[in-house]
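Structure data (CSV, C-alpha atoms and all ligand atoms) from my_file39.csv:
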```csv
chain,number,residue,atom,x,y,z
A,844,MET,CA,-40.2,10.4,-9.4
A,845,GLN,CA,-43.4,8.3,-9.3
A,846,HIS,CA,-45.0,10.8,-6.8
A,847,LEU,CA,-44.7,13.7,-9.3
A,848,ILE,CA,-46.4,11.6,-12.0
A,849,GLU,CA,-49.2,10.9,-9.5
A,850,ILE,CA,-49.6,14.6,-8.7
A,851,HIS,CA,-49.9,15.3,-12.4
A,852,GLN,CA,-52.5,12.5,-12.8
A,853,ALA,CA,-54.5,13.9,-9.9
A,854,TYR,CA,-54.4,17.6,-10.7
A,855,SER,CA,-53.7,18.0,-14.4
A,856,ALA,CA,-56.7,18.1,-16.7
A,857,ASN,CA,-56.8,15.2,-19.1
A,858,HIS,CA,-56.1,17.1,-22.3
A,859,VAL,CA,-52.5,15.7,-22.5
A,860,ALA,CA,-51.1,12.3,-22.1
A,861,PRO,CA,-47.4,12.6,-21.1
A,862,TYR,CA,-45.1,9.7,-21.2
A,863,PRO,CA,-44.1,8.7,-17.6
A,864,LEU,CA,-40.8,10.4,-17.6
A,865,VAL,CA,-40.0,13.4,-15.4
A,866,ILE,CA,-37.3,15.7,-16.8
A,867,SER,CA,-35.2,17.6,-14.4
A,868,HIS,CA,-32.9,19.8,-16.5
A,869,GLY,CA,-31.2,20.2,-19.9
A,870,LYS,CA,-27.9,21.2,-21.4
A,871,GLY,CA,-27.2,21.5,-25.1
A,872,SER,CA,-28.8,18.6,-27.0
A,873,TYR,CA,-29.5,16.6,-23.8
A,874,VAL,CA,-32.1,16.5,-21.1
A,875,TYR,CA,-31.7,14.6,-17.8
A,876,ASP,CA,-34.1,12.8,-15.5
A,877,PHE,CA,-33.9,12.9,-11.7
A,878,ASP,CA,-31.7,9.8,-11.6
A,879,GLY,CA,-29.2,11.5,-13.9
A,880,ASN,CA,-30.0,9.5,-17.0
A,881,ALA,CA,-29.3,11.5,-20.2
A,882,TYR,CA,-31.7,11.6,-23.2
A,883,LEU,CA,-30.8,13.0,-26.5
A,884,ASP,CA,-33.5,15.6,-27.0
A,885,LEU,CA,-34.8,15.6,-30.6
A,886,VAL,CA,-38.0,17.2,-29.5
A,887,ALA,CA,-36.4,20.5,-28.3
A,888,GLY,CA,-39.6,21.8,-26.9
A,889,ILE,CA,-41.3,20.9,-30.2
A,890,GLY,CA,-39.0,23.0,-32.3
A,891,VAL,CA,-38.4,25.7,-29.7
A,892,VAL,CA,-35.0,25.1,-28.2
A,893,ASN,CA,-33.1,25.7,-31.5
A,894,MET,CA,-30.0,27.0,-29.7
A,895,GLY,CA,-29.8,24.0,-27.3
A,896,HIS,CA,-30.8,24.0,-23.7
A,897,SER,CA,-29.2,26.6,-21.3
A,898,HIS,CA,-27.3,28.4,-24.0
A,899,PRO,CA,-24.9,30.7,-22.0
A,900,HIS,CA,-25.4,33.8,-24.3
A,901,LEU,CA,-29.2,33.5,-24.0
A,902,LEU,CA,-29.1,33.0,-20.3
A,903,ALA,CA,-26.8,36.1,-20.0
A,904,ALA,CA,-29.2,38.2,-22.1
A,905,LEU,CA,-32.2,37.0,-20.0
A,906,ASN,CA,-30.4,37.7,-16.7
A,907,HIS,CA,-29.1,41.1,-17.8
A,908,GLN,CA,-32.5,42.3,-19.0
A,909,ALA,CA,-34.4,40.8,-16.0
A,910,GLN,CA,-32.3,42.9,-13.7
A,911,LYS,CA,-33.0,46.1,-15.6
A,912,ILE,CA,-36.7,45.7,-16.3
A,913,ALA,CA,-38.8,42.7,-17.4
A,914,ILE,CA,-42.3,43.9,-18.2
A,915,LEU,CA,-43.5,47.2,-19.7
A,916,PRO,CA,-46.8,47.7,-21.5
A,917,ARG,CA,-46.9,49.2,-25.0
A,918,LEU,CA,-48.0,52.5,-23.4
A,919,PHE,CA,-44.3,53.3,-23.4
A,920,HIS,CA,-41.3,52.5,-25.6
A,921,ASN,CA,-38.5,50.1,-24.6
A,922,GLU,CA,-35.1,49.4,-26.0
A,923,PRO,CA,-35.0,45.6,-26.5
A,924,LEU,CA,-38.3,45.8,-28.5
A,925,ALA,CA,-37.1,48.6,-30.7
A,926,LYS,CA,-33.9,46.5,-31.5
A,927,LEU,CA,-35.9,43.3,-32.1
A,928,LEU,CA,-38.4,45.0,-34.4
A,929,GLN,CA,-35.7,46.5,-36.5
A,930,LEU,CA,-33.6,43.4,-36.7
A,931,SER,CA,-36.5,41.0,-37.4
A,932,CYS,CA,-37.9,43.3,-40.1
A,933,ASN,CA,-34.5,43.6,-41.8
A,934,LEU,CA,-33.8,39.9,-41.7
A,935,THR,CA,-37.2,38.9,-43.1
A,936,GLN,CA,-37.5,41.9,-45.5
A,937,MET,CA,-40.7,43.0,-43.9
A,938,ASP,CA,-41.6,46.6,-43.0
A,939,GLN,CA,-43.3,46.4,-39.6
A,940,ALA,CA,-44.2,43.9,-37.0
A,941,ILE,CA,-46.6,43.2,-34.1
A,942,PRO,CA,-45.2,41.3,-31.1
A,943,MET,CA,-47.4,38.7,-29.4
A,944,ASN,CA,-46.7,35.8,-27.1
A,945,SER,CA,-47.8,32.4,-28.6
A,946,GLY,CA,-48.0,31.3,-32.2
A,947,ALA,CA,-51.8,31.1,-32.1
A,948,GLU,CA,-51.9,34.7,-31.0
A,949,ALA,CA,-49.7,35.8,-33.9
A,950,VAL,CA,-52.0,33.9,-36.3
A,951,GLU,CA,-55.1,35.6,-34.8
A,952,THR,CA,-53.3,38.9,-35.2
A,953,ALA,CA,-52.6,38.2,-38.8
A,954,ILE,CA,-56.3,37.2,-39.4
A,955,LYS,CA,-57.5,40.5,-37.8
A,956,VAL,CA,-55.1,42.5,-40.0
A,957,ALA,CA,-56.1,40.5,-43.2
A,958,ARG,CA,-59.8,41.1,-42.5
A,959,LYS,CA,-59.4,44.8,-41.8
A,960,TRP,CA,-57.2,45.2,-44.9
A,961,ALA,CA,-59.9,43.4,-47.0
A,962,TYR,CA,-62.6,45.8,-45.7
A,963,VAL,CA,-60.6,49.0,-45.9
A,964,GLU,CA,-58.4,48.5,-49.0
A,965,LYS,CA,-60.1,45.9,-51.0
A,966,LYS,CA,-63.7,47.2,-50.2
A,967,VAL,CA,-65.0,43.7,-49.4
A,968,PRO,CA,-68.6,44.2,-48.0
A,969,ASP,CA,-68.8,44.2,-44.2
A,970,ASN,CA,-68.4,40.8,-42.5
A,971,GLN,CA,-67.9,38.9,-45.7
A,972,ALA,CA,-64.1,38.6,-45.8
A,973,GLU,CA,-62.9,35.0,-46.5
A,974,ILE,CA,-59.6,33.4,-45.6
A,975,ILE,CA,-58.1,30.3,-47.3
A,976,ALA,CA,-55.9,27.7,-45.7
A,977,CYS,CA,-54.8,24.2,-46.4
A,978,SER,CA,-56.1,20.8,-45.3
A,979,ASN,CA,-53.9,19.0,-42.9
A,980,SER,CA,-52.5,22.4,-41.8
A,981,PHE,CA,-51.8,23.6,-38.3
A,982,HIS,CA,-52.0,27.2,-37.2
A,983,GLY,CA,-52.9,26.8,-33.5
A,984,ARG,CA,-55.5,25.7,-31.0
A,985,THR,CA,-57.7,28.7,-30.2
A,986,ILE,CA,-61.2,28.7,-31.6
A,987,THR,CA,-60.2,30.8,-34.6
A,988,THR,CA,-56.9,29.2,-35.4
A,989,LEU,CA,-58.5,25.8,-34.9
A,990,GLY,CA,-61.0,26.7,-37.6
A,991,LEU,CA,-58.2,27.8,-39.9
A,992,SER,CA,-56.3,24.6,-39.3
A,993,ALA,CA,-59.1,22.6,-40.8
A,994,ASN,CA,-58.2,19.4,-39.0
A,995,PRO,CA,-61.4,17.5,-38.1
A,996,LEU,CA,-59.5,15.5,-35.4
A,997,TYR,CA,-58.8,18.6,-33.4
A,998,GLN,CA,-62.1,20.4,-34.2
A,999,GLN,CA,-64.7,17.8,-32.9
A,1000,TYR,CA,-66.8,19.1,-30.0
A,1001,PHE,CA,-65.4,22.6,-30.2
A,1002,GLY,CA,-67.8,24.2,-32.7
A,1003,PRO,CA,-69.2,26.5,-33.7
A,1004,LEU,CA,-65.9,27.6,-35.3
A,1005,THR,CA,-65.1,31.0,-36.8
A,1006,PRO,CA,-66.9,31.3,-40.1
A,1007,ASN,CA,-65.6,32.2,-43.6
A,1008,PHE,CA,-62.6,30.0,-43.6
A,1009,LEU,CA,-62.1,27.9,-46.8
A,1010,THR,CA,-59.9,24.8,-47.0
A,1011,ILE,CA,-58.1,23.7,-50.1
A,1012,PRO,CA,-55.7,20.8,-50.6
A,1013,TYR,CA,-52.0,21.5,-49.8
A,1014,ASN,CA,-49.5,21.5,-52.6
A,1015,ASP,CA,-52.1,22.4,-55.2
A,1016,ALA,CA,-51.7,25.9,-56.5
A,1017,GLU,CA,-54.5,25.4,-59.0
A,1018,ALA,CA,-56.9,24.8,-56.1
A,1019,LEU,CA,-55.9,28.1,-54.6
A,1020,ASN,CA,-56.5,29.8,-57.9
A,1021,SER,CA,-60.1,28.4,-58.1
A,1022,ALA,CA,-60.9,29.0,-54.5
A,1023,ILE,CA,-60.2,32.7,-54.5
A,1024,THR,CA,-63.4,34.9,-54.7
A,1025,PRO,CA,-63.7,38.7,-54.7
A,1026,HIS,CA,-64.1,38.4,-50.9
A,1027,THR,CA,-60.9,36.6,-50.3
A,1028,ALA,CA,-58.7,38.5,-47.9
A,1029,ALA,CA,-55.7,36.2,-47.4
A,1030,PHE,CA,-54.1,32.8,-48.0
A,1031,PHE,CA,-52.3,31.2,-45.0
A,1032,VAL,CA,-49.8,28.5,-45.7
A,1033,GLU,CA,-47.0,26.6,-44.0
A,1034,PRO,CA,-43.8,26.2,-46.2
A,1035,ILE,CA,-43.6,22.6,-44.7
A,1036,GLN,CA,-46.5,21.1,-42.8
A,1037,GLY,CA,-45.0,20.3,-39.4
A,1038,GLU,CA,-47.8,19.0,-37.1
A,1039,GLY,CA,-49.3,17.5,-40.3
A,1040,GLY,CA,-46.4,15.0,-40.4
A,1041,VAL,CA,-43.5,16.9,-42.1
A,1042,ILE,CA,-45.1,17.3,-45.5
A,1043,LEU,CA,-42.9,19.0,-48.1
A,1044,PRO,CA,-44.7,20.6,-51.1
A,1045,SER,CA,-43.2,20.3,-54.6
A,1046,PRO,CA,-40.6,22.9,-55.5
A,1047,GLY,CA,-42.2,25.9,-57.0
A,1048,TYR,CA,-45.5,25.5,-55.0
A,1049,LEU,CA,-44.9,28.6,-52.8
A,1050,SER,CA,-43.8,30.8,-55.7
A,1051,ALA,CA,-46.9,29.7,-57.7
A,1052,CYS,CA,-49.1,30.6,-54.8
A,1053,GLU,CA,-47.3,34.0,-54.5
A,1054,THR,CA,-48.0,34.7,-58.1
A,1055,ILE,CA,-51.7,33.8,-57.8
A,1056,CYS,CA,-52.1,35.9,-54.7
A,1057,LYS,CA,-50.4,38.9,-56.3
A,1058,LYS,CA,-52.5,38.7,-59.4
A,1059,LYS,CA,-55.8,38.4,-57.5
A,1060,ASN,CA,-55.0,40.9,-54.8
A,1061,VAL,CA,-55.0,38.4,-51.9
A,1062,LEU,CA,-52.6,38.6,-49.0
A,1063,PHE,CA,-50.0,35.8,-49.0
A,1064,ILE,CA,-49.2,35.0,-45.4
A,1065,ILE,CA,-46.6,32.4,-44.5
A,1066,ASP,CA,-46.7,30.6,-41.2
A,1067,GLU,CA,-43.1,30.0,-40.3
A,1068,ILE,CA,-43.8,29.4,-36.6
A,1069,GLN,CA,-42.3,25.9,-36.9
A,1070,THR,CA,-40.1,26.2,-40.0
A,1071,GLY,CA,-38.5,29.6,-39.1
A,1072,ILE,CA,-35.5,30.6,-37.0
A,1073,GLY,CA,-33.1,28.3,-39.0
A,1074,ARG,CA,-35.0,25.1,-38.6
A,1075,THR,CA,-34.8,24.1,-42.2
A,1076,GLY,CA,-31.2,25.5,-42.8
A,1077,ALA,CA,-32.3,29.0,-43.6
A,1078,LEU,CA,-33.8,31.8,-41.4
A,1079,LEU,CA,-37.1,31.1,-43.1
A,1080,ALA,CA,-38.0,28.0,-45.1
A,1081,SER,CA,-39.7,30.2,-47.7
A,1082,GLN,CA,-36.4,31.8,-48.5
A,1083,TYR,CA,-35.5,28.7,-50.5
A,1084,GLU,CA,-38.0,29.9,-53.1
A,1085,ALA,CA,-37.1,33.6,-52.8
A,1086,ILE,CA,-40.7,34.4,-51.9
A,1087,GLN,CA,-41.9,37.9,-51.2
A,1088,ALA,CA,-44.8,37.3,-48.9
A,1089,ASP,CA,-47.1,40.0,-47.6
A,1090,GLY,CA,-46.7,38.7,-44.1
A,1091,VAL,CA,-44.7,36.2,-42.1
A,1092,LEU,CA,-45.4,34.5,-38.7
A,1093,LEU,CA,-42.7,33.6,-36.3
A,1094,GLY,CA,-43.0,32.0,-32.9
A,1095,LYS,CA,-41.7,28.9,-31.2
A,1096,ALA,CA,-37.9,29.2,-31.4
A,1097,LEU,CA,-38.0,33.0,-31.6
A,1098,GLY,CA,-37.8,33.1,-27.8
A,1099,GLY,CA,-34.5,31.1,-27.7
A,1100,GLY,CA,-36.1,28.3,-25.9
A,1101,LEU,CA,-36.4,30.4,-22.8
A,1102,LEU,CA,-39.5,32.5,-23.2
A,1103,PRO,CA,-42.7,32.6,-25.3
A,1104,ILE,CA,-42.7,35.4,-27.9
A,1105,SER,CA,-44.2,35.5,-31.4
A,1106,LEU,CA,-44.3,38.1,-34.2
A,1107,PHE,CA,-46.5,38.9,-37.1
A,1108,LEU,CA,-44.3,40.7,-39.6
A,1109,ALA,CA,-45.7,42.3,-42.7
A,1110,LYS,CA,-45.5,44.9,-45.5
A,1111,LYS,CA,-46.6,48.4,-44.7
A,1112,GLU,CA,-49.4,48.3,-47.3
A,1113,CYS,CA,-51.1,45.7,-45.2
A,1114,LEU,CA,-50.3,46.9,-41.6
A,1115,GLN,CA,-51.1,50.6,-42.4
A,1116,VAL,CA,-54.8,49.8,-42.0
A,1117,LEU,CA,-54.4,49.5,-38.2
A,1118,ARG,CA,-55.2,52.4,-35.9
A,1119,PRO,CA,-54.2,52.8,-32.2
A,1120,GLY,CA,-56.4,50.6,-30.1
A,1121,ASP,CA,-57.1,48.1,-32.9
A,1122,HIS,CA,-55.0,45.4,-31.3
A,1123,GLY,CA,-53.0,44.8,-28.2
A,1124,SER,CA,-51.5,42.3,-25.7
A,1125,THR,CA,-50.6,42.7,-22.1
A,1126,PHE,CA,-47.3,40.8,-22.4
A,1127,GLY,CA,-46.8,41.3,-26.2
A,1128,GLY,CA,-43.5,43.1,-26.8
A,1129,ASN,CA,-42.3,43.0,-23.2
A,1130,PRO,CA,-38.6,43.9,-22.9
A,1131,LEU,CA,-37.5,40.6,-21.3
A,1132,ALA,CA,-38.8,38.4,-24.2
A,1133,ALA,CA,-37.7,40.9,-26.7
A,1134,ALA,CA,-34.1,41.0,-25.4
A,1135,VAL,CA,-33.9,37.2,-25.5
A,1136,ALA,CA,-35.5,37.1,-29.1
A,1137,TYR,CA,-33.0,39.7,-30.3
A,1138,GLU,CA,-30.1,37.7,-28.9
A,1139,THR,CA,-31.5,34.5,-30.5
A,1140,LEU,CA,-31.6,36.2,-34.0
A,1141,MET,CA,-28.0,37.6,-33.4
A,1142,LEU,CA,-26.8,34.1,-32.4
A,1143,LEU,CA,-28.4,32.6,-35.5
A,1144,GLU,CA,-26.5,35.0,-37.7
A,1145,ASN,CA,-23.2,35.2,-35.9
A,1146,GLN,CA,-22.7,31.5,-35.4
A,1147,GLN,CA,-23.8,30.5,-38.8
A,1148,LEU,CA,-26.3,28.1,-37.3
A,1149,CYS,CA,-28.4,28.0,-40.5
A,1150,THR,CA,-25.4,26.6,-42.5
A,1151,HIS,CA,-24.7,24.2,-39.7
A,1152,ALA,CA,-28.3,23.0,-39.5
A,1153,LYS,CA,-28.3,22.5,-43.3
A,1154,LYS,CA,-25.2,20.4,-43.1
A,1155,MET,CA,-26.3,18.3,-40.1
A,1156,GLY,CA,-29.7,17.9,-41.6
A,1157,CYS,CA,-28.3,16.5,-44.9
A,1158,TYR,CA,-26.0,14.1,-42.9
A,1159,PHE,CA,-28.9,13.0,-40.6
A,1160,LEU,CA,-31.2,12.3,-43.6
A,1161,GLN,CA,-28.5,10.5,-45.5
A,1162,GLN,CA,-27.8,8.3,-42.5
A,1163,LEU,CA,-31.5,7.6,-41.9
A,1164,ASN,CA,-32.0,6.6,-45.5
A,1165,ALA,CA,-29.0,4.3,-45.3
A,1166,LEU,CA,-30.7,2.3,-42.5
A,1167,LYS,CA,-33.1,0.8,-45.1
A,1168,SER,CA,-35.4,-0.4,-42.4
A,1169,PRO,CA,-38.5,-2.4,-43.4
A,1170,LEU,CA,-40.3,-0.6,-40.6
A,1171,VAL,CA,-39.9,2.7,-42.4
A,1172,LYS,CA,-42.0,3.8,-45.3
A,1173,GLU,CA,-40.2,7.1,-46.0
A,1174,VAL,CA,-37.7,9.4,-44.6
A,1175,ARG,CA,-38.1,13.1,-45.5
A,1176,GLY,CA,-37.2,16.6,-44.3
A,1177,LYS,CA,-35.3,19.8,-44.8
A,1178,GLY,CA,-32.5,20.9,-42.6
A,1179,LEU,CA,-33.2,19.7,-39.1
A,1180,MET,CA,-37.0,19.2,-39.6
A,1181,ILE,CA,-37.1,15.5,-40.1
A,1182,GLY,CA,-40.0,13.0,-40.5
A,1183,ILE,CA,-39.7,9.2,-40.4
A,1184,GLU,CA,-42.9,7.8,-41.8
A,1185,ILE,CA,-43.5,4.4,-40.1
A,1186,ASN,CA,-44.8,1.4,-41.9
A,1187,ASN,CA,-48.0,1.1,-39.9
A,1188,GLU,CA,-48.7,-2.4,-41.1
A,1189,LYS,CA,-45.5,-3.6,-39.4
A,1190,ILE,CA,-45.4,-1.5,-36.3
A,1191,ASP,CA,-47.2,1.5,-34.6
A,1192,THR,CA,-45.5,4.8,-33.9
A,1193,GLN,CA,-46.1,4.6,-30.1
A,1194,THR,CA,-44.1,1.4,-30.0
A,1195,VAL,CA,-41.2,3.1,-31.8
A,1196,PHE,CA,-41.5,6.2,-29.6
A,1197,THR,CA,-41.4,4.2,-26.4
A,1198,ALA,CA,-38.5,2.0,-27.6
A,1199,LEU,CA,-36.6,5.2,-28.4
A,1200,VAL,CA,-37.2,6.8,-25.0
A,1201,LYS,CA,-36.0,3.6,-23.3
A,1202,LYS,CA,-32.8,3.8,-25.3
A,1203,GLY,CA,-32.4,7.5,-24.4
A,1204,LEU,CA,-33.8,9.4,-27.4
A,1205,LEU,CA,-36.8,11.7,-27.3
A,1206,SER,CA,-38.9,12.1,-30.4
A,1207,ILE,CA,-42.4,13.3,-31.4
A,1208,ASN,CA,-45.1,10.8,-32.4
A,1209,THR,CA,-46.9,12.8,-35.1
A,1210,ARG,CA,-50.4,11.9,-36.3
A,1211,GLN,CA,-49.8,8.2,-35.4
A,1212,LYS,CA,-47.7,7.6,-38.4
A,1213,VAL,CA,-44.6,9.8,-38.4
A,1214,ILE,CA,-41.8,10.1,-35.9
A,1215,ARG,CA,-40.8,13.7,-36.1
A,1216,LEU,CA,-37.4,14.9,-35.1
A,1217,LEU,CA,-36.6,18.6,-34.4
A,1218,PRO,CA,-33.1,18.6,-32.9
A,1219,PRO,CA,-31.5,21.7,-31.5
A,1220,LEU,CA,-29.7,23.4,-34.5
A,1221,THR,CA,-26.5,23.2,-32.4
A,1222,ILE,CA,-26.4,19.4,-32.6
A,1223,ASN,CA,-23.0,18.1,-33.6
A,1224,LYS,CA,-22.0,15.1,-35.7
A,1225,GLU,CA,-21.2,12.9,-32.7
A,1226,GLU,CA,-24.7,13.5,-31.4
A,1227,VAL,CA,-26.3,12.8,-34.8
A,1228,ASP,CA,-24.3,9.5,-34.9
A,1229,HIS,CA,-25.5,8.7,-31.4
A,1230,ALA,CA,-29.1,9.3,-32.6
A,1231,ILE,CA,-28.6,7.1,-35.6
A,1232,ASP,CA,-27.2,4.3,-33.5
A,1233,ILE,CA,-30.3,4.4,-31.3
A,1234,LEU,CA,-32.7,4.7,-34.3
A,1235,ALA,CA,-30.8,1.8,-36.0
A,1236,THR,CA,-31.3,-0.4,-33.0
A,1237,VAL,CA,-35.0,0.4,-32.7
A,1238,LEU,CA,-35.8,0.3,-36.4
A,1239,THR,CA,-34.0,-2.8,-37.3
A,1240,THR,CA,-34.9,-5.1,-34.4
A,1241,ARG,CA,-38.1,-7.1,-34.2
A,1242,HIS,CA,-40.8,-5.8,-31.8
A,1243,SER,CA,-43.5,-8.1,-30.8
B,1,LIG,C1,-46.9,25.5,-33.1
B,1,LIG,C2,-47.5,26.1,-34.3
B,1,LIG,C3,-48.5,27.1,-34.1
B,1,LIG,C4,-49.1,27.5,-32.8
B,1,LIG,O1,-48.2,28.0,-31.9
B,1,LIG,P1,-48.5,28.0,-30.3
B,1,LIG,O2,-47.4,28.8,-29.7
B,1,LIG,O3,-48.6,26.6,-29.9
B,1,LIG,O4,-49.8,28.7,-30.2
B,1,LIG,C5,-49.0,27.8,-35.3
B,1,LIG,N1,-48.5,27.4,-36.5
B,1,LIG,C6,-47.5,26.5,-36.7
B,1,LIG,C7,-47.1,26.2,-38.1
B,1,LIG,C8,-47.0,25.8,-35.6
B,1,LIG,O5,-46.1,24.8,-35.8
```
If you took the structure in this file and wrote it as structure tokens, what would it be?
Ligand SMILES: *Cc1c(COP(=O)(O)O)cnc(C)c1O
Amino acid sequence: MQHLIEIHQAYSANHVAPYPLVISHGKGSYVYDFDGNAYLDLVAGIGVVNMGHSHPHLLAALNHQAQKIAILPRLFHNEPLAKLLQLSCNLTQMDQAIPMNSGAEAVETAIKVARKWAYVEKKVPDNQAEIIACSNSFHGRTITTLGLSANPLYQQYFGPLTPNFLTIPYNDAEALNSAITPHTAAFFVEPIQGEGGVILPSPGYLSACETICKKKNVLFIIDEIQTGIGRTGALLASQYEAIQADGVLLGKALGGGLLPISLFLAKKECLQVLRPGDHGSTFGGNPLAAAVAYETLMLLENQQLCTHAKKMGCYFLQQLNALKSPLVKEVRGKGLMIGIEINNEKIDTQTVFTALVKKGLLSINTRQKVIRLLPPLTINKEEVDHAIDILATVLTTRHS
């Protein structure tokens, strides 16, 4: 498949650097190259293919809806969207939602709502609303979400960024308390930092932030784009702390690994500031994506995938810890969101990543120090054992 790689090299912009492997198709937890070699896919579209590749129920929902009608603008109502809005609000205990397509768009939507809420409800003077986010966070790659994400690595050469975003250290509720001013509209936070290297805050952090936001009349918005849809063994990672946020963001796996769709779900008190015409999206809320997202949420509930993900995640972490590899600094995670922090003095993550691919395991090299694993939630024990065998070989042999 060298010729396909050459076409990419000639015609793709240089903003990505793919490993020279062309994937042809996928089934369950595996993807295949054109020679029929199988790879255990612990990338899953970067936390998107939670139900495994080519899930028959999801393909059926996609086909069924595609034959009825795929795209309708929000100028009219459609059935799949109505069902998705109701189900997603019920499951997340939110009142209303705005459907978008990508994660970054949902974050942008939440920023717009937070700002309008601040001006209309909180009477913040015009153009002075502030938003707080955490260092090392990730909320997207558009100019505005890039500014919110506060990662200098991604920001360089793309300024000027959107103003009035403040950055505070992650896992530091006191820092949030001191950063809030009378102009603060919202605090955005990931329950576990994914792109940041699978960083878990201390227990109680989220509920402490919730208390502070409530007390100071600041919207508390949880970015569950990566942690949501069962990834950590619960529908939302924030459910572990029984948080009542003002808004929740979903994306990535919401589309069942078949289509892009995202949601900003929130309480009525915050969304009621919107008026017709305030926001929109050509594809946002289209019946095709909505039908697949609805089926995805139903599958998650009916097949007890959260419980399964929790069980498999515990087993995976336990087996990883048992490797006791000198090349590994720390293993951490929750459910099937797993990070292996590599001991950079002994080996670099790219070497580990490449050795894993060669043995048939796909992983994500995160921030040059963490190998991140986001397996399909449908992964079974045999597949975890297979992954552990490969990881054991790569992490316990000498690489020179
Ligand atoms: C991936 C991600 C986003 C951005 O989603 P896109 O669909 O790539 O725009 C935002 N927030 C978090 C936490 C993410 O993991």
Site check for ligand LIG 1 (chain B): residues at most 6 Å away, all atoms listed in the file, as a list in words = Ser945, Gly946, Ala947, Phe981, His982, Gly983, Glu1033, Gly1037, Asp1066, Glu1067, Ile1068, Gln1069 and Lys1095 of chain A
Print the selection's residues with C-alpha atoms to a file, as a tab-separated table (two decimals), in the coordinates of the input.
```tsv
chain	number	residue	atom	x	y	z
A	945	SER	CA	-47.80	32.40	-28.60
A	946	GLY	CA	-48.00	31.30	-32.20
A	947	ALA	CA	-51.80	31.10	-32.10
A	981	PHE	CA	-51.80	23.60	-38.30
A	982	HIS	CA	-52.00	27.20	-37.20
A	983	GLY	CA	-52.90	26.80	-33.50
A	1033	GLU	CA	-47.00	26.60	-44.00
A	1037	GLY	CA	-45.00	20.30	-39.40
A	1066	ASP	CA	-46.70	30.60	-41.20
A	1067	GLU	CA	-43.10	30.00	-40.30
A	1068	ILE	CA	-43.80	29.40	-36.60
A	1069	GLN	CA	-42.30	25.90	-36.90
A	1095	LYS	CA	-41.70	28.90	-31.20
```
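Pairwise distance (atom CA of Leu1108 of chain A, atom CA of Leu934 of chain A) equals 10.7 Å.
Between Glu951 of chain A and the candidates A:Gly1047, A:Gly1071, A:Gly990, A:Pro1103, the tightest atom-to-atom separation, counting only C-alpha atoms, involves A:Gly990.
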What does the distance from atom CA of His896 of chain A to atom CA of Lys870 of chain A come to in Å, to one decimal?
-> 4.6 Å
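Computed from the coordinates, the atom CA of Gln1147 of chain A to atom CA of Leu1220 of chain A distance equals 10.2 Å.
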